[in-house]
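> Below is the file target-v4.pdb, which contains PDB, C-alpha atoms.
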```pdb
MODEL        1
ATOM      1  CA  MET A   1      83.371 111.105  93.742
ATOM      2  CA  GLU A   2      81.650 107.768  93.168
ATOM      3  CA  PHE A   3      82.760 104.236  93.988
ATOM      4  CA  LYS A   4      82.737 103.494  90.254
ATOM      5  CA  ASP A   5      85.317 106.255  89.720
ATOM      6  CA  LEU A   6      87.600 104.526  92.217
ATOM      7  CA  GLU A   7      87.065 101.137  90.570
ATOM      8  CA  ILE A   8      87.979 102.617  87.189
ATOM      9  CA  PHE A   9      91.021 104.383  88.634
ATOM     10  CA  GLN A  10      92.199 101.147  90.272
ATOM     11  CA  MET A  11      91.771  99.146  87.048
ATOM     12  CA  VAL A  12      93.681 101.668  84.941
ATOM     13  CA  ALA A  13      96.460 101.645  87.551
ATOM     14  CA  GLN A  14      96.599  97.837  87.370
ATOM     15  CA  LYS A  15      96.394  97.501  83.578
ATOM     16  CA  GLY A  16      98.480 100.520  82.618
ATOM     17  CA  THR A  17      96.316 101.470  79.627
ATOM     18  CA  ILE A  18      92.829 102.822  79.002
ATOM     19  CA  THR A  19      92.281 100.125  76.358
ATOM     20  CA  GLU A  20      92.989  97.196  78.701
ATOM     21  CA  ALA A  21      90.974  98.734  81.542
ATOM     22  CA  ALA A  22      88.010  99.254  79.200
ATOM     23  CA  LYS A  23      88.174  95.594  78.085
ATOM     24  CA  GLU A  24      88.279  94.356  81.666
ATOM     25  CA  LEU A  25      85.352  96.515  82.779
ATOM     26  CA  SER A  26      83.370  96.197  79.512
ATOM     27  CA  TYR A  27      83.263  99.989  79.145
ATOM     28  CA  VAL A  28      83.899 102.172  76.121
ATOM     29  CA  GLN A  29      87.303 103.868  76.242
ATOM     30  CA  SER A  30      85.820 107.370  76.144
ATOM     31  CA  ASN A  31      83.900 106.652  79.365
ATOM     32  CA  ILE A  32      87.086 105.501  81.113
ATOM     33  CA  THR A  33      88.969 108.582  79.917
ATOM     34  CA  SER A  34      86.268 111.016  81.035
ATOM     35  CA  ARG A  35      85.940 109.384  84.492
ATOM     36  CA  ILE A  36      89.706 109.591  85.046
ATOM     37  CA  LYS A  37      89.747 113.266  83.996
ATOM     38  CA  LYS A  38      86.789 113.929  86.306
ATOM     39  CA  LEU A  39      88.618 112.275  89.225
ATOM     40  CA  GLU A  40      91.774 114.278  88.516
ATOM     41  CA  ALA A  41      89.707 117.470  88.492
ATOM     42  CA  GLU A  42      88.177 116.585  91.862
ATOM     43  CA  MET A  43      91.618 115.770  93.303
ATOM     44  CA  ASN A  44      93.015 118.922  91.671
ATOM     45  CA  THR A  45      96.113 117.020  90.515
ATOM     46  CA  ALA A  46      97.330 114.692  87.768
ATOM     47  CA  LEU A  47      97.028 111.047  88.824
ATOM     48  CA  PHE A  48      98.706 109.488  85.778
ATOM     49  CA  ASN A  49     101.693 110.157  83.573
ATOM     50  CA  ARG A  50     100.631 109.646  79.938
ATOM     51  CA  HIS A  51     103.181 108.224  77.494
ATOM     52  CA  ASN A  52     103.355 106.145  74.310
ATOM     53  CA  ARG A  53     103.359 102.820  76.188
ATOM     54  CA  GLY A  54     100.344 103.673  78.331
ATOM     55  CA  MET A  55      99.851 105.300  81.729
ATOM     56  CA  THR A  56     101.786 105.160  84.984
ATOM     57  CA  LEU A  57     100.835 106.599  88.349
ATOM     58  CA  THR A  58     102.209 109.937  89.489
ATOM     59  CA  PRO A  59     103.380 110.193  93.136
ATOM     60  CA  GLU A  60      99.941 111.614  93.983
ATOM     61  CA  GLY A  61      98.274 108.762  92.082
ATOM     62  CA  LYS A  62     100.227 106.211  94.102
ATOM     63  CA  LYS A  63      99.009 107.835  97.327
ATOM     64  CA  LEU A  64      95.413 107.749  96.122
ATOM     65  CA  LEU A  65      95.711 104.088  95.089
ATOM     66  CA  VAL A  66      96.504 103.084  98.689
ATOM     67  CA  TYR A  67      93.301 104.705  99.966
ATOM     68  CA  CYS A  68      91.342 103.518  96.929
ATOM     69  CA  GLU A  69      92.208  99.868  97.628
ATOM     70  CA  LYS A  70      91.236 100.243 101.288
ATOM     71  CA  ILE A  71      87.906 101.889 100.455
ATOM     72  CA  LEU A  72      86.963  99.305  97.804
ATOM     73  CA  SER A  73      88.025  96.441 100.061
ATOM     74  CA  LEU A  74      85.875  97.749 102.930
ATOM     75  CA  THR A  75      82.963  98.287 100.534
ATOM     76  CA  ASN A  76      83.239  94.700  99.308
ATOM     77  CA  GLU A  77      83.423  93.394 102.878
ATOM     78  CA  MET A  78      80.424  95.519 103.866
ATOM     79  CA  LYS A  79      78.362  93.913 101.091
ATOM     80  CA  LYS A  80      79.410  90.437 102.214
ATOM     81  CA  VAL A  81      78.468  91.148 105.834
ATOM     82  CA  VAL A  82      75.081  92.639 104.975
ATOM     83  CA  GLN A  83      74.225  89.978 102.386
ATOM     84  CA  SER A  84      75.587  87.040 104.385
ATOM     85  CA  LYS A  85      73.075  84.229 104.734
ATOM     86  CA  THR A  86      73.118  80.774 106.230
ATOM     87  CA  GLU A  87      73.273  79.270 102.728
ATOM     88  CA  PRO A  88      76.572  80.130 100.961
ATOM     89  CA  ALA A  89      76.137  82.300  97.874
ATOM     90  CA  GLY A  90      77.951  84.922  95.848
ATOM     91  CA  LYS A  91      81.544  85.126  94.696
ATOM     92  CA  LEU A  92      84.425  83.221  96.286
ATOM     93  CA  GLU A  93      87.954  83.851  94.978
ATOM     94  CA  ILE A  94      90.515  81.236  95.990
ATOM     95  CA  GLY A  95      94.214  80.917  95.157
ATOM     96  CA  SER A  96      96.393  77.823  95.155
ATOM     97  CA  VAL A  97      99.852  76.565  94.368
ATOM     98  CA  GLU A  98      99.671  74.077  91.501
ATOM     99  CA  THR A  99     100.610  70.993  93.488
ATOM    100  CA  VAL A 100      97.673  70.691  95.920
ATOM    101  CA  ILE A 101      96.846  67.146  94.883
ATOM    102  CA  LYS A 102      93.455  67.074  96.640
ATOM    103  CA  LEU A 103      92.261  70.331  95.089
ATOM    104  CA  PRO A 104      89.967  68.677  92.480
ATOM    105  CA  VAL A 105      88.285  66.677  95.267
ATOM    106  CA  ILE A 106      87.843  69.783  97.433
ATOM    107  CA  LEU A 107      86.473  71.974  94.632
ATOM    108  CA  SER A 108      84.160  69.266  93.318
ATOM    109  CA  SER A 109      82.696  68.562  96.758
ATOM    110  CA  TYR A 110      82.134  72.245  97.473
ATOM    111  CA  ILE A 111      80.641  73.228  94.115
ATOM    112  CA  LYS A 112      78.256  70.265  94.056
ATOM    113  CA  LYS A 113      76.974  71.092  97.529
ATOM    114  CA  TYR A 114      76.776  74.888  97.228
ATOM    115  CA  LYS A 115      75.467  75.608  93.747
ATOM    116  CA  ASN A 116      74.833  79.328  94.355
ATOM    117  CA  VAL A 117      78.523  80.095  94.866
ATOM    118  CA  ASP A 118      80.507  81.542  91.961
ATOM    119  CA  LEU A 119      83.936  80.080  92.752
ATOM    120  CA  SER A 120      87.047  81.169  90.847
ATOM    121  CA  LEU A 121      90.583  79.793  91.194
ATOM    122  CA  LEU A 122      93.903  81.565  90.670
ATOM    123  CA  THR A 123      97.155  79.565  90.643
ATOM    124  CA  GLY A 124     100.538  80.992  91.545
ATOM    125  CA  VAL A 125     103.530  80.736  93.855
ATOM    126  CA  THR A 126     103.233  80.998  97.636
ATOM    127  CA  GLU A 127     104.764  84.451  98.030
ATOM    128  CA  GLN A 128     102.492  86.110  95.451
ATOM    129  CA  LEU A 129      99.375  84.325  96.720
ATOM    130  CA  GLN A 130     100.084  85.550 100.241
ATOM    131  CA  LYS A 131     100.333  89.113  98.922
ATOM    132  CA  ASP A 132      97.042  88.684  97.054
ATOM    133  CA  VAL A 133      95.288  87.568 100.250
ATOM    134  CA  LEU A 134      96.817  90.422 102.254
ATOM    135  CA  ASN A 135      95.737  92.931  99.586
ATOM    136  CA  HIS A 136      92.141  91.574  99.596
ATOM    137  CA  ASN A 137      92.492  90.298  96.013
ATOM    138  CA  LEU A 138      91.715  86.751  97.179
ATOM    139  CA  ASP A 139      89.436  85.437  99.929
ATOM    140  CA  GLY A 140      91.995  82.759 100.789
ATOM    141  CA  ALA A 141      94.711  80.558  99.307
ATOM    142  CA  PHE A 142      96.369  77.166  99.589
ATOM    143  CA  VAL A 143     100.097  77.766 100.014
ATOM    144  CA  THR A 144     103.197  76.097 101.379
ATOM    145  CA  GLU A 145     103.791  76.998 104.996
ATOM    146  CA  ILE A 146     106.144  79.928 105.480
ATOM    147  CA  ASN A 147     106.707  82.402 108.306
ATOM    148  CA  GLN A 148     103.268  83.314 109.641
ATOM    149  CA  HIS A 149     102.270  86.870 108.732
ATOM    150  CA  PRO A 150     100.614  88.628 111.710
ATOM    151  CA  GLU A 151      97.613  89.697 109.613
ATOM    152  CA  LEU A 152      96.848  86.158 108.425
ATOM    153  CA  VAL A 153      95.196  83.078 109.891
ATOM    154  CA  SER A 154      96.277  79.657 108.618
ATOM    155  CA  HIS A 155      94.459  76.319 108.618
ATOM    156  CA  ASP A 156      96.407  73.073 108.319
ATOM    157  CA  VAL A 157      95.541  71.094 105.190
ATOM    158  CA  PHE A 158      98.126  68.289 104.990
ATOM    159  CA  GLN A 159     101.835  67.492 105.135
ATOM    160  CA  GLU A 160     103.728  66.334 102.079
ATOM    161  CA  GLU A 161     107.087  64.803 101.255
ATOM    162  CA  LEU A 162     109.103  66.551  98.579
ATOM    163  CA  VAL A 163     111.337  64.539  96.257
ATOM    164  CA  ILE A 164     113.880  65.414  93.599
ATOM    165  CA  ILE A 165     112.798  63.910  90.306
ATOM    166  CA  SER A 166     114.922  63.159  87.261
ATOM    167  CA  ASP A 167     114.692  61.095  84.102
ATOM    168  CA  ASN A 168     115.654  57.415  84.190
ATOM    169  CA  THR A 169     119.336  57.926  83.349
ATOM    170  CA  LYS A 170     120.257  59.566  86.680
ATOM    171  CA  THR A 171     120.938  57.132  89.505
ATOM    172  CA  SER A 172     122.722  59.098  92.239
ATOM    173  CA  ILE A 173     122.471  62.391  94.138
ATOM    174  CA  GLU A 174     125.970  63.266  92.908
ATOM    175  CA  GLN A 175     124.721  63.174  89.322
ATOM    176  CA  LEU A 176     121.771  65.401  90.215
ATOM    177  CA  LYS A 177     124.005  68.121  91.617
ATOM    178  CA  LYS A 178     125.294  68.847  88.105
ATOM    179  CA  GLU A 179     121.865  69.026  86.475
ATOM    180  CA  PRO A 180     119.904  72.203  85.587
ATOM    181  CA  PHE A 181     117.203  73.057  88.148
ATOM    182  CA  LEU A 182     113.709  73.406  86.635
ATOM    183  CA  CYS A 183     111.306  75.373  88.828
ATOM    184  CA  PHE A 184     108.587  77.969  89.263
ATOM    185  CA  SER A 185     109.470  81.646  89.709
ATOM    186  CA  LYS A 186     110.903  83.094  92.928
ATOM    187  CA  GLY A 187     108.438  82.883  95.791
ATOM    188  CA  CYS A 188     107.750  79.154  95.341
ATOM    189  CA  GLY A 189     108.088  77.236  98.624
ATOM    190  CA  TYR A 190     109.428  74.080  96.947
ATOM    191  CA  ARG A 191     112.081  76.067  95.096
ATOM    192  CA  ALA A 192     113.131  77.729  98.337
ATOM    193  CA  ARG A 193     113.571  74.319 100.016
ATOM    194  CA  LEU A 194     115.857  72.943  97.302
ATOM    195  CA  GLU A 195     117.810  76.207  97.184
ATOM    196  CA  THR A 196     118.434  75.753 100.926
ATOM    197  CA  TRP A 197     119.758  72.255 100.230
ATOM    198  CA  TYR A 198     121.992  73.614  97.462
ATOM    199  CA  LYS A 199     123.336  76.257  99.842
ATOM    200  CA  ASP A 200     123.992  73.749 102.649
ATOM    201  CA  GLN A 201     125.819  71.486 100.191
ATOM    202  CA  SER A 202     127.815  74.425  98.778
ATOM    203  CA  ILE A 203     126.353  73.736  95.327
ATOM    204  CA  THR A 204     125.763  76.295  92.610
ATOM    205  CA  PRO A 205     123.242  74.947  90.072
ATOM    206  CA  GLN A 206     124.635  74.756  86.556
ATOM    207  CA  LYS A 207     121.497  76.480  85.310
ATOM    208  CA  VAL A 208     118.125  77.560  86.747
ATOM    209  CA  MET A 209     115.207  77.428  84.311
ATOM    210  CA  GLU A 210     111.830  78.911  85.270
ATOM    211  CA  PHE A 211     108.545  77.516  83.921
ATOM    212  CA  GLY A 212     104.913  78.522  84.369
ATOM    213  CA  THR A 213     103.202  75.163  84.905
ATOM    214  CA  LEU A 214     103.884  71.958  86.798
ATOM    215  CA  GLU A 215     102.981  69.885  83.742
ATOM    216  CA  THR A 216     105.694  71.588  81.668
ATOM    217  CA  ILE A 217     108.292  71.166  84.414
ATOM    218  CA  ILE A 218     107.597  67.454  84.894
ATOM    219  CA  GLY A 219     107.437  66.825  81.140
ATOM    220  CA  SER A 220     110.788  68.554  80.650
ATOM    221  CA  VAL A 221     112.347  66.540  83.479
ATOM    222  CA  SER A 222     111.143  63.249  81.965
ATOM    223  CA  MET A 223     112.818  64.282  78.685
ATOM    224  CA  GLY A 224     116.156  64.748  80.465
ATOM    225  CA  LEU A 225     116.254  68.542  80.541
ATOM    226  CA  GLY A 226     117.067  68.723  84.268
ATOM    227  CA  ILE A 227     115.682  68.024  87.751
ATOM    228  CA  THR A 228     112.987  69.512  89.973
ATOM    229  CA  PHE A 229     111.690  69.295  93.562
ATOM    230  CA  VAL A 230     107.984  68.493  93.949
ATOM    231  CA  PRO A 231     105.560  66.627  96.241
ATOM    232  CA  LYS A 232     105.874  62.869  95.836
ATOM    233  CA  SER A 233     102.070  62.587  95.662
ATOM    234  CA  ALA A 234     102.106  64.600  92.431
ATOM    235  CA  VAL A 235     104.536  62.276  90.630
ATOM    236  CA  SER A 236     104.296  58.821  92.239
ATOM    237  CA  HIS A 237     102.100  57.556  89.372
ATOM    238  CA  LEU A 238     104.768  58.643  86.869
ATOM    239  CA  GLU A 239     107.434  56.789  88.845
ATOM    240  CA  GLU A 240     105.274  53.655  88.776
ATOM    241  CA  GLN A 241     105.009  53.997  84.991
ATOM    242  CA  GLY A 242     108.800  54.234  84.726
ATOM    243  CA  LEU A 243     108.751  57.767  83.323
ATOM    244  CA  ILE A 244     110.782  59.432  86.086
ATOM    245  CA  GLN A 245     112.921  58.567  89.110
ATOM    246  CA  CYS A 246     112.434  59.913  92.643
ATOM    247  CA  HIS A 247     115.415  60.810  94.820
ATOM    248  CA  TYR A 248     115.114  61.508  98.540
ATOM    249  CA  LEU A 249     116.601  64.225 100.734
ATOM    250  CA  PRO A 250     116.725  64.457 104.565
ATOM    251  CA  GLU A 251     113.497  65.380 106.347
ATOM    252  CA  LYS A 252     114.599  68.963 107.108
ATOM    253  CA  TYR A 253     114.347  69.675 103.357
ATOM    254  CA  SER A 254     111.638  67.239 102.281
ATOM    255  CA  LYS A 255     108.806  67.577 104.818
ATOM    256  CA  ILE A 256     106.536  70.527 104.096
ATOM    257  CA  ASN A 257     103.059  71.606 105.185
ATOM    258  CA  THR A 258     100.320  72.915 102.930
ATOM    259  CA  VAL A 259      98.063  75.440 104.676
ATOM    260  CA  PHE A 260      95.065  77.568 103.769
ATOM    261  CA  ILE A 261      95.495  81.251 104.610
ATOM    262  CA  ARG A 262      92.970  84.074 105.001
ATOM    263  CA  ARG A 263      93.006  87.555 106.461
ATOM    264  CA  LYS A 264      92.571  87.633 110.230
ATOM    265  CA  ASP A 265      90.529  90.853 110.198
ATOM    266  CA  ALA A 266      88.232  89.939 107.291
ATOM    267  CA  TYR A 267      84.643  88.974 108.014
ATOM    268  CA  LEU A 268      84.266  85.182 107.818
ATOM    269  CA  THR A 269      81.269  84.742 105.523
ATOM    270  CA  SER A 270      79.276  81.529 105.475
ATOM    271  CA  THR A 271      80.580  81.045 101.924
ATOM    272  CA  LEU A 272      84.209  80.931 103.072
ATOM    273  CA  GLU A 273      83.394  79.163 106.336
ATOM    274  CA  LYS A 274      81.754  76.271 104.457
ATOM    275  CA  PHE A 275      84.728  76.116 102.076
ATOM    276  CA  ILE A 276      87.071  75.685 105.053
ATOM    277  CA  GLU A 277      84.798  72.975 106.444
ATOM    278  CA  THR A 278      84.876  71.225 103.067
ATOM    279  CA  PHE A 279      88.655  70.897 102.834
ATOM    280  CA  GLU A 280      88.944  69.982 106.515
ATOM    281  CA  HIS A 281      86.472  67.119 105.961
ATOM    282  CA  SER A 282      88.423  65.998 102.880
ATOM    283  CA  LYS A 283      91.681  65.368 104.780
ATOM    284  CA  ASP A 284      90.995  61.646 105.034
ATOM    285  CA  GLU A 285      89.648  61.271 101.511
ATOM    286  CA  PRO A 286      91.885  59.910  98.716
ATOM    287  CA  ALA A 287      93.177  62.237  96.018
ATOM    288  CA  TYR A 288      92.404  61.441  92.395
ATOM    289  CA  LEU A 289      95.086  61.936  89.781
ATOM    290  CA  LEU A 290      94.657  62.299  86.051
ATOM    291  CA  THR A 291      97.226  60.037  84.394
TER     292      THR A 291
ENDMDL
END
```
Starting from the coordinates I provided, produce the structure as structure tokens.

Amino acid sequence: MEFKDLEIFQMVAQKGTITEAAKELSYVQSNITSRIKKLEAEMNTALFNRHNRGMTLTPEGKKLLVYCEKILSLTNEMKKVVQSKTEPAGKLEIGSVETVIKLPVILSSYIKKYKNVDLSLLTGVTEQLQKDVLNHNLDGAFVTEINQHPELVSHDVFQEELVIISDNTKTSIEQLKKEPFLCFSKGCGYRARLETWYKDQSITPQKVMEFGTLETIIGSVSMGLGITFVPKSAVSHLEEQGLIQCHYLPEKYSKINTVFIRRKDAYLTSTLEKFIETFEHSKDEPAYLLT
């Protein structure tokens, strides 16, 4: 068994088809198929169920995937430890919720200073990003503060104030209670905060509409489609332009911390260490918004 066999097995498990796995790995499909068959022969069991829609893991395949992810994660960490140098270099995979207003400043400062780092950014909701860090899919992530997982370390980034925003025809909280709630998918920290407020007020939203990007949510709100709950720093410029209105809730719902999380047991490379230093130094710098 080779590490490449495990990488191929993991990719097929993730993508669900030989075709998609081959595209991702830049391999020919016949190579993927033969490596999977070879691995099944070595394991002396079928690892996938084949069907018209693709491939799904058998119970034995699911067991192997757990060990496969651990082995590949340790291999990746081993490379980082051995290759670690004083000067940051190599790949750095970071996740972030969409509303980290200082993110452009942080990324720009880091990339300009450390030109040998290949930095990639994945956006998502807090719950999924935390899972990605725990599963070694990300080196770290900016998320809204939630219950601290014992396997994670968090670094304070900044505190924000959340506001309900609406179009310019809504003037009272009572009016907002009847409006559709526009939000990210489950697992978003801002959504969870407003849902707590709804629950405490014994309110059932008329409709909950999920969107994939902050830009779409805010644009839909400004057109009168509903309301949302976002950091004031992300929309204050729109309020100044008269495009939206901000409505305030008590501090127990509106104050929220953004933190950077990483695995406690993962080796802290100079690449990640310098990234942490970069955003810690940027705390007092202004954020720049595109308007």
> Taking the file above as input, evaluate the PyMOL selection byres ((chain A and resi 18) around 10) and report the hits as a list in words.
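So the PyMOL selection byres ((chain A and resi 18) around 10) ends up selecting Ile8, Phe9, Met11, Val12, Ala13, Lys15, Gly16, Thr17, Thr19, Glu20, Ala21, Ala22, Lys23, Glu24, Tyr27, Val28, Gln29, Ser30, Asn31, Ile32, Thr33, Ile36, Gly54 and Met55 of chain A.
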> Run the PyMOL selection byres ((chain A and resi 180-194) around 9) mentally over the shown coordinates, then write out the matched residues as a PyMOL selection string, using the chain letters and numbers from the document.
chain A and resi 97+124-128+143-146+162+164+176-179+195-199+205-214+217-218+220-221+225-231+252-254+256
> Of the candidates A:Val133, A:Ile165, A:Val105, A:Ile94, which one gets nearest to Leu238 (chain A) if we count all atoms listed in the file?
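Among the listed residues, the smallest separation from Leu238 (chain A) belongs to A:Ile165.
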> Can you tell me how far CA of Val235 (chain A) sits from CA of Leu249 (chain A), in Å to one decimal?
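So the answer is 15.9 Å.
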> Considering all atoms listed in the file, state which residue in the set A:Leu47, A:Leu272, A:Val153, A:Ala141 is at the smallest distance from Pro59 (chain A).
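Selected residue with least distance to Pro59 (chain A): A:Leu47.
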> Find the residue from A:Gln245, A:Ser73, A:Thr45, A:Ser282 that sits nearest to Asn135 (chain A); use all atoms listed in the file when measuring.
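Of all the options, A:Ser73 lies closest to Asn135 (chain A).
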> Identify, on the basis of all atoms listed in the file, every residue whose closest approach to Glu7 (chain A) does not exceed 10 Å; exclude the query and any residue fewer than 3 positions from it along the same chain; express the result as a CSV table (one decimal) with C-alpha atoms, keeping the file's coordinate frame.

```csv
chain,number,residue,atom,x,y,z
A,2,GLU,CA,81.6,107.8,93.2
A,3,PHE,CA,82.8,104.2,94.0
A,4,LYS,CA,82.7,103.5,90.3
A,10,GLN,CA,92.2,101.1,90.3
A,11,MET,CA,91.8,99.1,87.0
A,12,VAL,CA,93.7,101.7,84.9
A,13,ALA,CA,96.5,101.6,87.6
A,25,LEU,CA,85.4,96.5,82.8
A,68,CYS,CA,91.3,103.5,96.9
A,69,GLU,CA,92.2,99.9,97.6
A,71,ILE,CA,87.9,101.9,100.5
A,72,LEU,CA,87.0,99.3,97.8
```
> Which is closer to Asp132 (chain A) than all the others in A:Gly95, A:Ala266, A:Ser109, A:His51, using only C-alpha atoms?
A:Gly95
> Using CA of Thr258 (chain A) and CA of Glu161 (chain A) as the two end points, give the distance in Å to one decimal.
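Computing it gives 10.7 Å between the two atoms.
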> At a cut-off of 6 Å, using only C-alpha atoms, what residues contact Ile244 (chain A)? Leave out same-chain residues fewer than 4 positions from it and give the result as a ChimeraX atom specification.
/A:166-168,222,239
> Mind pulling up the distance from CA of Lys264 (chain A) to CA of His149 (chain A)?
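Between CA of His149 (chain A) and CA of Lys264 (chain A) the gap is 9.8 Å.
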> Excluding Leu121 (chain A) and its own-chain neighbours fewer than 6 positions away, which residues fall within 12 Å of it when counting all atoms listed in the file? Please give them as a VMD selection string.
chain A and resid 91 to 98 103 to 104 107 129 137 to 142
> Counting only C-alpha atoms, which of A:Ile101, A:Val117, A:Gly90, A:Asn76 gets nearest to Val157 (chain A)?
A:Ile101
> Measuring atom to atom with all atoms listed in the file, identify which of A:Lys274, A:Lys70, A:Lys255, A:His237 is nearest to Leu134 (chain A).
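Checking each of A:Lys274, A:Lys70, A:Lys255, A:His237 against Leu134 (chain A), counting all atoms listed in the file, the winner is A:Lys70.
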> What lies within 10 Å of His281 (chain A) using all atoms listed in the file, ignoring chain neighbours under 5 positions off, as an mmCIF file with C-alpha atoms, in the frame of the given file?

```cif
data_model
loop_
_atom_site.group_PDB
_atom_site.id
_atom_site.type_symbol
_atom_site.label_atom_id
_atom_site.label_comp_id
_atom_site.auth_asym_id
_atom_site.auth_seq_id
_atom_site.Cartn_x
_atom_site.Cartn_y
_atom_site.Cartn_z
ATOM 1 C CA ILE A 106 87.843 69.783 97.433
ATOM 2 C CA VAL A 157 95.541 71.094 105.190
ATOM 3 C CA PHE A 275 84.728 76.116 102.076
ATOM 4 C CA ILE A 276 87.071 75.685 105.053
#
```
